[in-house]
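K.L.:
My structure is stored as start.csv, with CSV, C-alpha atoms.
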```csv
chain,number,residue,atom,x,y,z
A,4,MET,CA,0.0,0.0,0.0
A,5,THR,CA,1.2,3.5,-0.7
A,6,SER,CA,0.8,6.7,1.4
A,7,ARG,CA,-2.1,7.6,-0.9
A,8,TYR,CA,-4.2,4.8,0.7
A,9,PRO,CA,-6.7,5.9,3.4
A,10,ALA,CA,-5.5,5.5,6.9
A,11,ILE,CA,-8.2,3.0,7.6
A,12,ALA,CA,-7.1,0.7,4.7
A,13,SER,CA,-5.2,-1.7,6.9
A,14,ASP,CA,-8.1,-2.1,9.3
A,15,ILE,CA,-10.4,-3.0,6.4
A,16,THR,CA,-8.0,-5.5,4.8
A,17,ASN,CA,-7.6,-7.2,8.2
A,18,LEU,CA,-11.4,-7.5,8.4
A,19,PHE,CA,-11.5,-8.9,4.9
A,20,ALA,CA,-8.9,-11.5,5.8
A,21,ALA,CA,-10.7,-12.5,9.0
A,22,ARG,CA,-13.9,-13.0,6.9
A,23,ASN,CA,-12.2,-15.6,4.6
A,24,THR,CA,-11.9,-13.6,1.5
A,25,HIS,CA,-9.4,-13.7,-1.3
A,26,ALA,CA,-7.8,-10.3,-1.8
A,27,VAL,CA,-7.8,-9.4,-5.5
A,28,GLU,CA,-6.4,-6.7,-7.7
A,29,VAL,CA,-7.9,-5.8,-11.1
A,30,ALA,CA,-6.5,-3.7,-13.9
A,31,VAL,CA,-7.3,0.0,-13.8
A,32,LEU,CA,-7.9,0.0,-17.6
A,33,GLN,CA,-10.9,-2.1,-18.5
A,34,PRO,CA,-12.9,-3.0,-21.6
A,35,ALA,CA,-15.7,-0.4,-21.7
A,36,ASP,CA,-18.4,-2.5,-23.3
A,37,PRO,CA,-19.5,-4.5,-20.2
A,38,PHE,CA,-20.0,-1.2,-18.3
A,39,LEU,CA,-21.8,0.4,-21.2
A,40,ASP,CA,-24.1,-2.6,-21.6
A,41,MET,CA,-24.8,-3.5,-17.9
A,42,ALA,CA,-23.8,-0.9,-15.4
A,43,GLY,CA,-26.8,1.4,-15.6
A,44,GLU,CA,-27.5,4.8,-17.2
A,45,ASP,CA,-26.2,6.9,-14.3
A,46,LEU,CA,-22.8,5.2,-14.2
A,47,ARG,CA,-22.5,5.1,-18.0
A,48,ARG,CA,-22.7,8.9,-18.1
A,49,ARG,CA,-19.8,9.2,-15.7
A,50,ILE,CA,-17.3,6.8,-17.2
A,51,PHE,CA,-13.9,8.0,-18.5
A,52,LEU,CA,-13.5,6.5,-22.0
A,53,THR,CA,-10.5,6.0,-24.2
A,54,GLU,CA,-9.4,3.9,-27.1
A,55,SER,CA,-6.6,1.4,-27.7
A,56,GLU,CA,-4.3,1.3,-30.7
A,57,THR,CA,-6.4,-1.5,-32.1
A,58,GLY,CA,-9.6,0.6,-31.8
A,59,GLN,CA,-11.0,-1.2,-28.7
A,60,THR,CA,-13.0,1.1,-26.5
A,61,LEU,CA,-11.5,1.1,-23.0
A,62,CYS,CA,-12.4,3.0,-19.7
A,63,LEU,CA,-10.8,3.8,-16.4
A,64,ARG,CA,-12.2,1.4,-13.8
A,65,PRO,CA,-15.5,2.9,-12.6
A,66,GLU,CA,-16.3,0.2,-10.1
A,67,PHE,CA,-15.1,-3.3,-9.1
A,68,THR,CA,-18.0,-5.7,-9.4
A,69,ILE,CA,-17.7,-6.2,-13.2
A,70,PRO,CA,-13.9,-6.4,-13.3
A,71,VAL,CA,-13.8,-8.9,-10.4
A,72,CYS,CA,-16.4,-11.1,-12.1
A,73,LEU,CA,-14.5,-10.9,-15.4
A,74,ASP,CA,-11.2,-11.9,-13.7
A,75,HIS,CA,-13.1,-14.8,-11.9
A,76,ILE,CA,-14.3,-16.1,-15.3
A,77,ALA,CA,-10.9,-15.7,-16.9
A,78,SER,CA,-9.1,-17.6,-14.1
A,79,GLN,CA,-11.7,-20.4,-14.2
A,80,ALA,CA,-11.6,-20.5,-10.4
A,81,GLY,CA,-13.9,-22.8,-8.5
A,82,THR,CA,-16.9,-21.6,-6.5
A,83,PRO,CA,-18.1,-20.7,-3.9
A,84,ARG,CA,-15.4,-18.1,-3.6
A,85,ARG,CA,-15.3,-14.7,-1.8
A,86,TYR,CA,-13.2,-11.9,-3.3
A,87,SER,CA,-12.2,-8.7,-1.5
A,88,TYR,CA,-10.7,-5.5,-2.9
A,89,LEU,CA,-9.6,-2.0,-2.0
A,90,GLY,CA,-8.5,0.4,-4.6
A,91,GLU,CA,-9.3,3.5,-6.7
A,92,VAL,CA,-12.2,4.0,-9.1
A,93,PHE,CA,-12.7,6.8,-11.6
A,94,ARG,CA,-16.0,8.5,-12.2
A,95,GLN,CA,-17.1,12.0,-13.1
A,96,ARG,CA,-18.9,13.3,-10.0
A,97,ARG,CA,-20.9,16.4,-9.2
A,98,GLU,CA,-19.2,16.6,-5.9
A,99,GLY,CA,-15.9,15.3,-4.6
A,100,GLY,CA,-13.0,14.1,-6.7
A,101,ASN,CA,-13.3,12.0,-9.8
A,102,GLU,CA,-10.7,9.6,-8.4
A,103,PHE,CA,-11.6,7.9,-5.1
A,104,PHE,CA,-11.2,4.7,-3.1
A,105,GLN,CA,-13.7,1.9,-2.7
A,106,ALA,CA,-13.5,-1.4,-0.9
A,107,GLY,CA,-15.8,-4.3,-0.9
A,108,ILE,CA,-16.5,-8.1,-1.1
A,109,GLU,CA,-18.0,-10.0,-4.1
A,110,ASP,CA,-19.4,-13.4,-3.0
A,111,LEU,CA,-19.7,-15.8,-5.9
A,112,GLY,CA,-21.2,-19.2,-6.3
A,113,ASP,CA,-23.0,-19.8,-3.0
A,114,ARG,CA,-26.3,-21.5,-3.9
A,115,ASP,CA,-27.9,-20.6,-0.5
A,116,THR,CA,-28.9,-17.2,-1.6
A,117,ALA,CA,-30.6,-16.2,1.7
A,118,ALA,CA,-27.5,-17.0,3.7
A,119,ALA,CA,-25.2,-15.2,1.1
A,120,ASP,CA,-27.4,-12.1,1.0
A,121,ALA,CA,-27.5,-11.9,4.8
A,122,ARG,CA,-23.7,-12.4,5.0
A,123,SER,CA,-23.1,-9.6,2.5
A,124,LEU,CA,-25.2,-7.2,4.5
A,125,ALA,CA,-23.5,-8.3,7.7
A,126,ASP,CA,-20.1,-7.9,6.2
A,127,ALA,CA,-20.9,-4.3,5.0
A,128,HIS,CA,-22.4,-3.4,8.4
A,129,ALA,CA,-19.4,-4.9,10.3
A,130,LEU,CA,-17.0,-2.9,8.1
A,131,LEU,CA,-18.8,0.4,8.8
A,132,SER,CA,-19.1,-0.4,12.5
A,133,LEU,CA,-15.4,-1.0,12.6
A,134,VAL,CA,-14.2,2.2,10.9
A,135,LEU,CA,-17.1,4.4,12.3
A,136,PRO,CA,-17.3,3.3,16.0
A,137,GLY,CA,-20.3,4.8,17.7
A,138,GLN,CA,-22.0,5.9,14.5
A,139,VAL,CA,-25.7,5.0,14.3
A,140,LEU,CA,-26.3,3.4,10.9
A,141,ALA,CA,-29.5,3.4,8.8
A,142,VAL,CA,-30.0,0.4,6.6
A,143,THR,CA,-32.5,0.3,3.7
A,144,LEU,CA,-33.4,-2.8,1.7
A,145,GLY,CA,-35.2,-3.4,-1.5
A,146,ASP,CA,-35.9,-6.5,-3.5
A,147,GLN,CA,-36.0,-6.7,-7.3
A,148,THR,CA,-37.3,-10.2,-7.3
A,149,ILE,CA,-40.4,-9.2,-5.2
A,150,PHE,CA,-41.0,-6.2,-7.5
A,151,GLU,CA,-40.8,-8.4,-10.6
A,152,ALA,CA,-43.1,-11.0,-9.0
A,153,VAL,CA,-45.7,-8.3,-8.3
A,154,LEU,CA,-45.5,-7.1,-12.0
A,155,ALA,CA,-46.0,-10.7,-13.2
A,156,ALA,CA,-48.9,-11.4,-10.8
A,157,LEU,CA,-50.6,-8.3,-12.1
A,158,GLY,CA,-50.5,-9.8,-15.6
A,159,LEU,CA,-48.3,-7.1,-17.2
A,160,PRO,CA,-46.9,-8.1,-20.6
A,161,ARG,CA,-43.2,-8.8,-20.8
A,162,GLY,CA,-42.3,-5.5,-22.4
A,163,TRP,CA,-43.9,-3.5,-19.5
A,164,ARG,CA,-42.3,-5.8,-16.9
A,165,MET,CA,-38.9,-5.2,-18.5
A,166,ARG,CA,-39.3,-1.4,-18.6
A,167,LEU,CA,-40.5,-1.2,-15.0
A,168,ALA,CA,-37.7,-3.5,-13.9
A,169,ARG,CA,-35.1,-1.3,-15.6
A,170,ALA,CA,-36.7,1.8,-13.8
A,171,PHE,CA,-36.5,0.1,-10.4
A,172,GLY,CA,-34.0,2.1,-8.4
A,173,SER,CA,-34.6,5.4,-10.2
A,174,ALA,CA,-37.5,7.4,-8.8
A,175,PRO,CA,-37.8,9.7,-11.8
A,176,MET,CA,-37.7,6.8,-14.3
A,177,LEU,CA,-40.2,4.8,-12.3
A,178,GLU,CA,-42.5,7.7,-12.0
A,179,ALA,CA,-42.3,8.4,-15.7
A,180,ALA,CA,-43.0,4.7,-16.5
A,181,LEU,CA,-46.0,4.6,-14.2
A,182,ALA,CA,-47.4,7.8,-15.8
A,183,ASP,CA,-47.0,6.2,-19.3
A,184,LEU,CA,-48.7,3.0,-18.0
A,185,ALA,CA,-51.7,5.0,-16.7
A,186,ASN,CA,-51.9,7.2,-19.8
A,187,PRO,CA,-49.9,5.9,-22.8
A,188,PRO,CA,-48.3,8.7,-24.9
A,189,ARG,CA,-48.7,9.0,-28.6
A,190,ASN,CA,-45.8,8.5,-31.1
A,191,GLY,CA,-46.0,12.0,-32.6
A,192,GLN,CA,-42.3,13.0,-31.9
A,193,LEU,CA,-40.8,10.5,-34.5
A,194,SER,CA,-40.3,11.5,-38.1
A,195,GLY,CA,-42.4,9.7,-40.7
A,196,SER,CA,-39.7,7.3,-41.9
A,197,VAL,CA,-38.6,6.3,-38.4
A,198,ALA,CA,-42.2,6.0,-37.3
A,199,ALA,CA,-43.0,3.7,-40.2
A,200,LEU,CA,-40.0,1.4,-39.3
A,201,VAL,CA,-41.0,1.4,-35.6
A,202,LEU,CA,-44.6,0.6,-36.5
A,203,ASP,CA,-43.5,-2.3,-38.8
A,204,GLY,CA,-41.2,-3.6,-36.0
A,205,ASP,CA,-38.3,-3.8,-38.5
A,206,LEU,CA,-35.3,-4.0,-36.1
A,207,GLU,CA,-32.6,-4.4,-38.7
A,208,ALA,CA,-33.8,-1.6,-40.9
A,209,LEU,CA,-34.4,0.7,-38.0
A,210,SER,CA,-30.9,0.0,-36.5
A,211,SER,CA,-29.3,0.7,-39.9
A,212,HIS,CA,-31.2,4.0,-40.2
A,213,ILE,CA,-30.2,5.1,-36.6
A,214,ALA,CA,-26.5,4.1,-37.2
A,215,GLY,CA,-26.5,6.2,-40.4
A,216,GLY,CA,-27.9,9.2,-38.5
A,217,MET,CA,-25.4,8.8,-35.7
A,218,GLU,CA,-22.5,8.6,-38.2
A,219,GLN,CA,-23.6,11.8,-40.0
A,220,ALA,CA,-23.9,13.5,-36.6
A,221,GLY,CA,-20.4,12.3,-35.6
A,222,LEU,CA,-21.7,10.4,-32.6
A,223,SER,CA,-19.9,7.2,-31.4
A,224,ALA,CA,-22.0,4.2,-30.4
A,225,SER,CA,-19.5,3.6,-27.6
A,226,ALA,CA,-20.6,6.8,-25.9
A,227,GLY,CA,-23.9,5.3,-25.0
A,228,ARG,CA,-26.6,3.0,-26.4
A,229,SER,CA,-25.8,1.1,-29.6
A,230,PRO,CA,-28.1,1.7,-32.7
A,231,THR,CA,-29.6,-1.8,-32.2
A,232,ASP,CA,-30.4,-1.1,-28.6
A,233,ILE,CA,-31.9,2.3,-29.4
A,234,ALA,CA,-34.0,0.6,-32.2
A,235,ARG,CA,-35.1,-2.1,-29.9
A,236,ARG,CA,-36.2,0.4,-27.3
A,237,LEU,CA,-38.2,2.4,-29.8
A,238,ILE,CA,-40.0,-0.7,-31.0
A,239,GLU,CA,-40.6,-1.8,-27.5
A,240,LYS,CA,-42.1,1.6,-26.5
A,241,ALA,CA,-44.4,1.5,-29.5
A,242,GLU,CA,-45.7,-1.9,-28.3
A,243,LEU,CA,-46.1,-0.6,-24.8
A,244,ARG,CA,-48.4,2.2,-26.0
A,245,SER,CA,-51.0,-0.4,-26.8
A,246,VAL,CA,-51.2,-1.5,-23.1
A,247,ARG,CA,-53.3,0.2,-20.4
A,248,LEU,CA,-53.4,-1.3,-16.9
A,249,SER,CA,-56.8,-1.6,-15.2
A,250,ASN,CA,-57.6,0.8,-12.4
A,251,GLU,CA,-57.6,-2.1,-9.9
A,252,ALA,CA,-54.2,-3.4,-11.0
A,253,PHE,CA,-52.7,0.1,-11.1
A,254,SER,CA,-54.0,0.8,-7.6
A,255,ALA,CA,-52.5,-2.5,-6.4
A,256,LEU,CA,-49.1,-1.5,-7.9
A,257,LYS,CA,-49.1,1.9,-6.2
A,258,THR,CA,-50.1,0.2,-2.9
A,259,PHE,CA,-47.2,-2.1,-3.2
A,260,LEU,CA,-44.7,0.6,-4.0
A,261,ALA,CA,-45.9,2.5,-0.9
A,262,ILE,CA,-44.8,-0.3,1.5
A,263,ASP,CA,-42.1,1.0,3.8
A,264,VAL,CA,-41.7,-0.9,7.1
A,265,PRO,CA,-39.1,-2.3,9.5
A,266,LEU,CA,-37.6,-5.6,8.2
A,267,ASP,CA,-39.1,-7.7,11.1
A,268,GLY,CA,-42.6,-6.8,9.8
A,269,ALA,CA,-41.9,-6.8,6.1
A,270,ALA,CA,-42.8,-10.4,5.3
A,271,LYS,CA,-46.1,-9.9,7.0
A,272,ALA,CA,-46.8,-6.6,5.2
A,273,LEU,CA,-46.1,-8.3,1.9
A,274,GLU,CA,-48.4,-11.2,2.8
A,275,THR,CA,-51.2,-8.8,3.7
A,276,PHE,CA,-50.7,-6.8,0.5
A,277,ALA,CA,-50.8,-10.0,-1.6
A,278,ALA,CA,-53.9,-11.3,0.1
A,279,GLY,CA,-55.7,-8.0,-0.2
A,280,SER,CA,-54.8,-7.6,-3.9
A,281,GLY,CA,-55.6,-11.2,-4.7
A,282,LEU,CA,-52.0,-11.9,-5.9
A,283,SER,CA,-49.7,-14.8,-5.4
A,284,LEU,CA,-46.0,-13.9,-4.9
A,285,GLY,CA,-45.0,-17.6,-4.5
A,286,ALA,CA,-41.3,-18.4,-4.2
A,287,ALA,CA,-40.2,-14.7,-4.2
A,288,LEU,CA,-42.0,-14.2,-0.8
A,289,ASP,CA,-40.6,-17.5,0.6
A,290,SER,CA,-37.1,-16.3,-0.3
A,291,PHE,CA,-37.7,-12.9,1.2
A,292,GLY,CA,-38.8,-14.5,4.5
A,293,ALA,CA,-35.8,-16.8,4.6
A,294,ARG,CA,-33.4,-13.9,4.0
A,295,ALA,CA,-35.0,-11.8,6.8
A,296,LYS,CA,-34.5,-14.7,9.2
A,297,ALA,CA,-30.9,-15.1,8.1
A,298,ILE,CA,-30.2,-11.4,8.6
A,299,GLU,CA,-31.6,-11.6,12.1
A,300,ALA,CA,-29.4,-14.6,12.8
A,301,HIS,CA,-26.4,-12.4,12.2
A,302,GLY,CA,-27.5,-10.2,15.1
A,303,LEU,CA,-28.3,-7.2,12.9
A,304,PRO,CA,-31.0,-4.8,14.2
A,305,VAL,CA,-33.9,-5.9,12.1
A,306,LYS,CA,-36.3,-3.5,13.8
A,307,LYS,CA,-34.1,-0.6,12.6
A,308,ILE,CA,-33.6,-2.0,9.1
A,309,ARG,CA,-36.2,-0.6,6.6
A,310,TYR,CA,-37.7,-2.5,3.8
A,311,ASP,CA,-38.8,0.0,1.1
A,312,ALA,CA,-40.7,-1.7,-1.7
A,313,ALA,CA,-39.8,1.1,-4.1
A,314,PHE,CA,-36.1,1.1,-3.2
A,315,GLY,CA,-33.5,0.0,-5.8
A,316,ARG,CA,-30.0,0.9,-6.8
A,317,PRO,CA,-29.1,2.5,-10.2
A,318,LEU,CA,-27.2,-0.5,-11.7
A,319,ASP,CA,-28.8,-2.6,-14.3
A,320,TYR,CA,-27.2,-5.9,-13.2
A,321,TYR,CA,-29.1,-6.4,-9.9
A,322,THR,CA,-31.6,-9.2,-9.8
A,323,GLY,CA,-32.7,-9.6,-6.1
A,324,LEU,CA,-31.7,-8.0,-2.8
A,325,VAL,CA,-30.5,-4.4,-3.0
A,326,PHE,CA,-29.3,-2.4,0.0
A,327,GLU,CA,-27.7,0.8,1.1
A,328,ILE,CA,-26.2,1.8,4.5
A,329,ALA,CA,-25.9,5.4,5.5
A,330,ALA,CA,-25.2,7.4,8.7
A,331,GLU,CA,-28.5,7.8,10.5
A,332,ASP,CA,-28.6,11.6,9.7
A,333,GLY,CA,-26.7,11.3,6.4
A,334,ASP,CA,-28.1,11.9,2.9
A,335,ARG,CA,-25.5,9.8,1.0
A,336,PRO,CA,-24.9,6.1,1.2
A,337,LEU,CA,-21.7,4.9,2.8
A,338,ALA,CA,-22.1,1.3,1.5
A,339,GLY,CA,-24.3,-0.2,-1.2
A,340,GLY,CA,-24.8,-3.7,-2.7
A,341,GLY,CA,-27.0,-6.4,-3.9
A,342,ARG,CA,-27.5,-9.7,-5.8
A,343,TYR,CA,-26.6,-10.1,-9.5
A,344,ASP,CA,-27.3,-13.7,-10.5
A,345,ARG,CA,-27.4,-13.1,-14.2
A,346,LEU,CA,-24.3,-10.9,-14.5
A,347,LEU,CA,-21.6,-13.6,-14.8
A,348,THR,CA,-23.5,-15.4,-17.5
A,349,LEU,CA,-23.8,-12.2,-19.4
A,350,LEU,CA,-20.1,-11.6,-19.0
A,351,GLY,CA,-19.3,-15.0,-20.6
A,352,ALA,CA,-19.4,-17.6,-17.8
A,353,LYS,CA,-20.4,-21.0,-19.4
A,354,THR,CA,-22.7,-21.9,-16.5
A,355,PRO,CA,-24.8,-19.7,-14.2
A,356,ILE,CA,-22.9,-18.4,-11.1
A,357,PRO,CA,-25.0,-16.6,-8.4
A,358,GLY,CA,-23.4,-13.5,-7.0
A,359,VAL,CA,-23.9,-10.9,-4.3
A,360,GLY,CA,-21.6,-8.1,-3.1
A,361,PHE,CA,-21.2,-4.6,-1.8
A,362,SER,CA,-18.8,-1.7,-1.9
A,363,VAL,CA,-18.1,1.2,0.5
A,364,TRP,CA,-17.1,4.8,-0.3
A,365,LEU,CA,-13.9,5.4,1.7
A,366,ASP,CA,-13.9,9.2,1.0
A,367,ARG,CA,-17.3,9.6,2.6
A,368,ILE,CA,-16.2,7.4,5.6
A,369,GLU,CA,-13.1,9.5,6.1
A,370,ALA,CA,-15.1,12.7,6.0
A,371,LEU,CA,-17.4,11.4,8.8
A,372,ARG,CA,-14.3,10.3,10.8
A,373,GLU,CA,-12.9,13.8,10.5
A,374,GLN,CA,-16.2,15.4,11.7
A,375,ALA,CA,-16.1,13.1,14.8
A,376,GLN,CA,-12.6,14.2,15.9
```
Take the structure I supplied and represent it as structure tokens, if you would.

P.N.:
Amino acid sequence: MTSRYPAIASDITNLFAARNTHAVEVAVLQPADPFLDMAGEDLRRRIFLTESETGQTLCLRPEFTIPVCLDHIASQAGTPRRYSYLGEVFRQRREGGNEFFQAGIEDLGDRDTAAADARSLADAHALLSLVLPGQVLAVTLGDQTIFEAVLAALGLPRGWRMRLARAFGSAPMLEAALADLANPPRNGQLSGSVAALVLDGDLEALSSHIAGGMEQAGLSASAGRSPTDIARRLIEKAELRSVRLSNEAFSALKTFLAIDVPLDGAAKALETFAAGSGLSLGAALDSFGARAKAIEAHGLPVKKIRYDAAFGRPLDYYTGLVFEIAAEDGDRPLAGGGRYDRLLTLLGAKTPIPGVGFSVWLDRIEALREQAQ
């Protein structure tokens, strides 16, 4: 470690070693495509991009989860396996430096998802309790699986389920999606040629048309969505305009999203909601209850942990549990994490590998430590 590392770095790495993790280092320069495809709109806007001599689009490491997973796949290491890291990440930020330290654990391959989820939350909580002694912590949980189970039980078509699932974690995106679901907009903003291709559902021709327009405008596909992705979204939106949710189903969805209760009462609140709305949440609710019990078994304060049905995190690869931990009176998370069971397959793993992990913002922790002195 160099003098640039935070003073608390050694305490964190000692904690990681005590929790049976494998310390890993990943390259600062990473292939950009996995982040552009999977990391979420907010992070994509903040990535520092460059290009290799061969024309490959690269970026400075904006986070650790994707690089750790890529290294795991490349090494063909067995699972279950727990990786820990501590190093710099690089993002354009509205406040604070664009180069800052993160630390965390990625827990890969454990098929007992309830136990692994609870362990990830407990690891994050233990780290913050170690470096911020006496600080009261506020924990917020969400669950992408429960949200998607509600959407499916309401009978929403696949396109709408996908759009709402992508919006989970972004209040403005979710609000816009719900507004469109209640009152589908018209397609008047598209030019005649584009509108015709969208209406025909001609993905290949529409992608080619968009690619030509981007080339004329001097826009690079690597700077954001690919032409095919844009075309697919336009066609999907056109299909979504034909769907209008019933008043009863829309009311049930709004009721679900308003659930915000302590974790020890969350399973009961979900059961009550499902029964009152005539919905079956099936295995998703069973898994939720098993995780809540596993979290309690770690000795975490379940009465002070909130379950917020509308809470998500702005990364596209999450599939189940999502959580953040902040100082009780703070407005920015100190730690955040969640489950990403589809990520490793999307990155090239030959067989599905479940995963869950978290990261902590060391600059925010150091600022709180300085305030406490």

K.L.:
Against stretch 322-338 of chain A, which residues of stretch 104-181 of chain A fall within 9 Å? For each one I want the closest pair of atoms and the distance in Å (one decimal), counting all atoms listed in the file, rows by chain and increasing residue number, as a tab-separated table.

P.N.:
```
residue	atom	partner	partner_atom	distance
A:Gly107	CA	A:Ala338	CA	8.8
A:Asp120	CA	A:Leu324	CA	7.1
A:Leu124	CA	A:Phe326	CA	7.8
A:Ala127	CA	A:Ala338	CA	6.7
A:His128	CA	A:Ile328	CA	7.5
A:Leu131	CA	A:Leu337	CA	8.0
A:Gln138	CA	A:Ala330	CA	6.8
A:Val139	CA	A:Glu331	CA	5.5
A:Leu140	CA	A:Ala330	CA	4.7
A:Ala141	CA	A:Glu331	CA	4.8
A:Val142	CA	A:Ile328	CA	4.6
A:Thr143	CA	A:Glu327	CA	5.5
A:Leu144	CA	A:Phe326	CA	4.5
A:Gly145	CA	A:Val325	CA	5.0
A:Asp146	CA	A:Leu324	CA	4.5
A:Gln147	CA	A:Gly323	CA	4.6
A:Thr148	CA	A:Gly323	CA	4.8
A:Ile149	CA	A:Gly323	CA	7.8
```

K.L.:
Could the residues in this selection be written to a file with C-alpha atoms, as a PDB file, in the frame of the given file?

P.N.:
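The file below, result25.pdb, is the result:
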```pdb
ATOM      1  CA  GLY A 107     -15.800  -4.300  -0.900  1.00  0.00           C
ATOM      2  CA  ASP A 120     -27.400 -12.100   1.000  1.00  0.00           C
ATOM      3  CA  LEU A 124     -25.200  -7.200   4.500  1.00  0.00           C
ATOM      4  CA  ALA A 127     -20.900  -4.300   5.000  1.00  0.00           C
ATOM      5  CA  HIS A 128     -22.400  -3.400   8.400  1.00  0.00           C
ATOM      6  CA  LEU A 131     -18.800   0.400   8.800  1.00  0.00           C
ATOM      7  CA  GLN A 138     -22.000   5.900  14.500  1.00  0.00           C
ATOM      8  CA  VAL A 139     -25.700   5.000  14.300  1.00  0.00           C
ATOM      9  CA  LEU A 140     -26.300   3.400  10.900  1.00  0.00           C
ATOM     10  CA  ALA A 141     -29.500   3.400   8.800  1.00  0.00           C
ATOM     11  CA  VAL A 142     -30.000   0.400   6.600  1.00  0.00           C
ATOM     12  CA  THR A 143     -32.500   0.300   3.700  1.00  0.00           C
ATOM     13  CA  LEU A 144     -33.400  -2.800   1.700  1.00  0.00           C
ATOM     14  CA  GLY A 145     -35.200  -3.400  -1.500  1.00  0.00           C
ATOM     15  CA  ASP A 146     -35.900  -6.500  -3.500  1.00  0.00           C
ATOM     16  CA  GLN A 147     -36.000  -6.700  -7.300  1.00  0.00           C
ATOM     17  CA  THR A 148     -37.300 -10.200  -7.300  1.00  0.00           C
ATOM     18  CA  ILE A 149     -40.400  -9.200  -5.200  1.00  0.00           C
TER      19      ILE A 149
END
```

K.L.:
May I have the residues within 9 Å of A:Ala118 as a count of residues only, using all atoms listed in the file and disregarding those fewer than 6 positions away in the same chain?

P.N.:
4

K.L.:
Which one of A:Leu111, A:Ala170, A:Ile262, A:Thr116 sits closest to A:Ser87 if you count only C-alpha atoms?

P.N.:
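Checking each candidate against A:Ser87, we get A:Leu111 as the closest.
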
K.L.:
If we count only C-alpha atoms and set the cut-off at 12 Å, which residues sit around A:Ala21, ignoring sequence neighbours fewer than 4 positions away in its own chain? Please answer as a ChimeraX atom specification.

P.N.:
/A:14-17,25-26,85,87,126,129-130

K.L.:
Between A:Ala20, A:Leu346, A:Ala10, A:Leu157, which one has atoms that come closest to A:Ala42, using only C-alpha atoms?

P.N.:
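Residue with the minimum atom-to-atom distance to A:Ala42: A:Leu346.
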
K.L.:
With only C-alpha atoms as the basis for distance, which of A:Ala155, A:His75, A:Ala174, A:Asp232 is at the shortest distance from A:Gly315?

P.N.:
A:Ala174

K.L.:
Would you be able to write out as a short mmCIF file (atom, residue, chain, number, x, y, z; two decimals) with C-alpha atoms, keeping the file's coordinate frame which residues have an atom within 10 Å of (-23.4, -20.4, -0.8) in the file's coordinates, counting only C-alpha atoms?

P.N.:
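Just written: selection-v4.cif:
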```
data_model
loop_
_atom_site.label_atom_id
_atom_site.label_comp_id
_atom_site.auth_asym_id
_atom_site.auth_seq_id
_atom_site.Cartn_x
_atom_site.Cartn_y
_atom_site.Cartn_z
CA THR A 82 -16.90 -21.60 -6.50
CA PRO A 83 -18.10 -20.70 -3.90
CA ARG A 84 -15.40 -18.10 -3.60
CA ARG A 85 -15.30 -14.70 -1.80
CA ASP A 110 -19.40 -13.40 -3.00
CA LEU A 111 -19.70 -15.80 -5.90
CA GLY A 112 -21.20 -19.20 -6.30
CA ASP A 113 -23.00 -19.80 -3.00
CA ARG A 114 -26.30 -21.50 -3.90
CA ASP A 115 -27.90 -20.60 -0.50
CA THR A 116 -28.90 -17.20 -1.60
CA ALA A 117 -30.60 -16.20 1.70
CA ALA A 118 -27.50 -17.00 3.70
CA ALA A 119 -25.20 -15.20 1.10
CA ASP A 120 -27.40 -12.10 1.00
CA ARG A 122 -23.70 -12.40 5.00
CA PRO A 357 -25.00 -16.60 -8.40
CA GLY A 358 -23.40 -13.50 -7.00
#
```

K.L.:
Residues within 10 Å of A:Arg64, please, as a count of residues only. Count only C-alpha atoms; anything in the same chain fewer than 6 positions from it doesn't count.

P.N.:
18

K.L.:
Would you fill the gaps in stretch 160-168 of chain A so it has N, CA and C atoms, then print it as a PDB file, keeping the file's coordinate frame?

P.N.:
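What follows is the written file out09.pdb:
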```pdb
ATOM      1  N   PRO A 160     -47.668  -7.425 -19.510  1.00  0.00           N
ATOM      2  CA  PRO A 160     -46.900  -8.100 -20.600  1.00  0.00           C
ATOM      3  C   PRO A 160     -45.413  -7.928 -20.360  1.00  0.00           C
ATOM      4  N   ARG A 161     -44.646  -8.778 -21.031  1.00  0.00           N
ATOM      5  CA  ARG A 161     -43.200  -8.800 -20.800  1.00  0.00           C
ATOM      6  C   ARG A 161     -42.534  -7.462 -21.048  1.00  0.00           C
ATOM      7  N   GLY A 162     -42.944  -6.752 -22.089  1.00  0.00           N
ATOM      8  CA  GLY A 162     -42.300  -5.500 -22.400  1.00  0.00           C
ATOM      9  C   GLY A 162     -42.470  -4.482 -21.230  1.00  0.00           C
ATOM     10  N   TRP A 163     -43.654  -4.419 -20.646  1.00  0.00           N
ATOM     11  CA  TRP A 163     -43.900  -3.500 -19.500  1.00  0.00           C
ATOM     12  C   TRP A 163     -43.091  -3.988 -18.290  1.00  0.00           C
ATOM     13  N   ARG A 164     -43.047  -5.304 -18.068  1.00  0.00           N
ATOM     14  CA  ARG A 164     -42.300  -5.800 -16.900  1.00  0.00           C
ATOM     15  C   ARG A 164     -40.805  -5.420 -17.058  1.00  0.00           C
ATOM     16  N   MET A 165     -40.280  -5.517 -18.277  1.00  0.00           N
ATOM     17  CA  MET A 165     -38.900  -5.200 -18.500  1.00  0.00           C
ATOM     18  C   MET A 165     -38.639  -3.675 -18.285  1.00  0.00           C
ATOM     19  N   ARG A 166     -39.539  -2.840 -18.793  1.00  0.00           N
ATOM     20  CA  ARG A 166     -39.300  -1.400 -18.600  1.00  0.00           C
ATOM     21  C   ARG A 166     -39.386  -1.009 -17.161  1.00  0.00           C
ATOM     22  N   LEU A 167     -40.372  -1.507 -16.432  1.00  0.00           N
ATOM     23  CA  LEU A 167     -40.500  -1.200 -15.000  1.00  0.00           C
ATOM     24  C   LEU A 167     -39.317  -1.732 -14.217  1.00  0.00           C
ATOM     25  N   ALA A 168     -38.851  -2.923 -14.577  1.00  0.00           N
ATOM     26  CA  ALA A 168     -37.700  -3.500 -13.900  1.00  0.00           C
ATOM     27  C   ALA A 168     -36.461  -2.665 -14.093  1.00  0.00           C
TER      28      ALA A 168
END
```
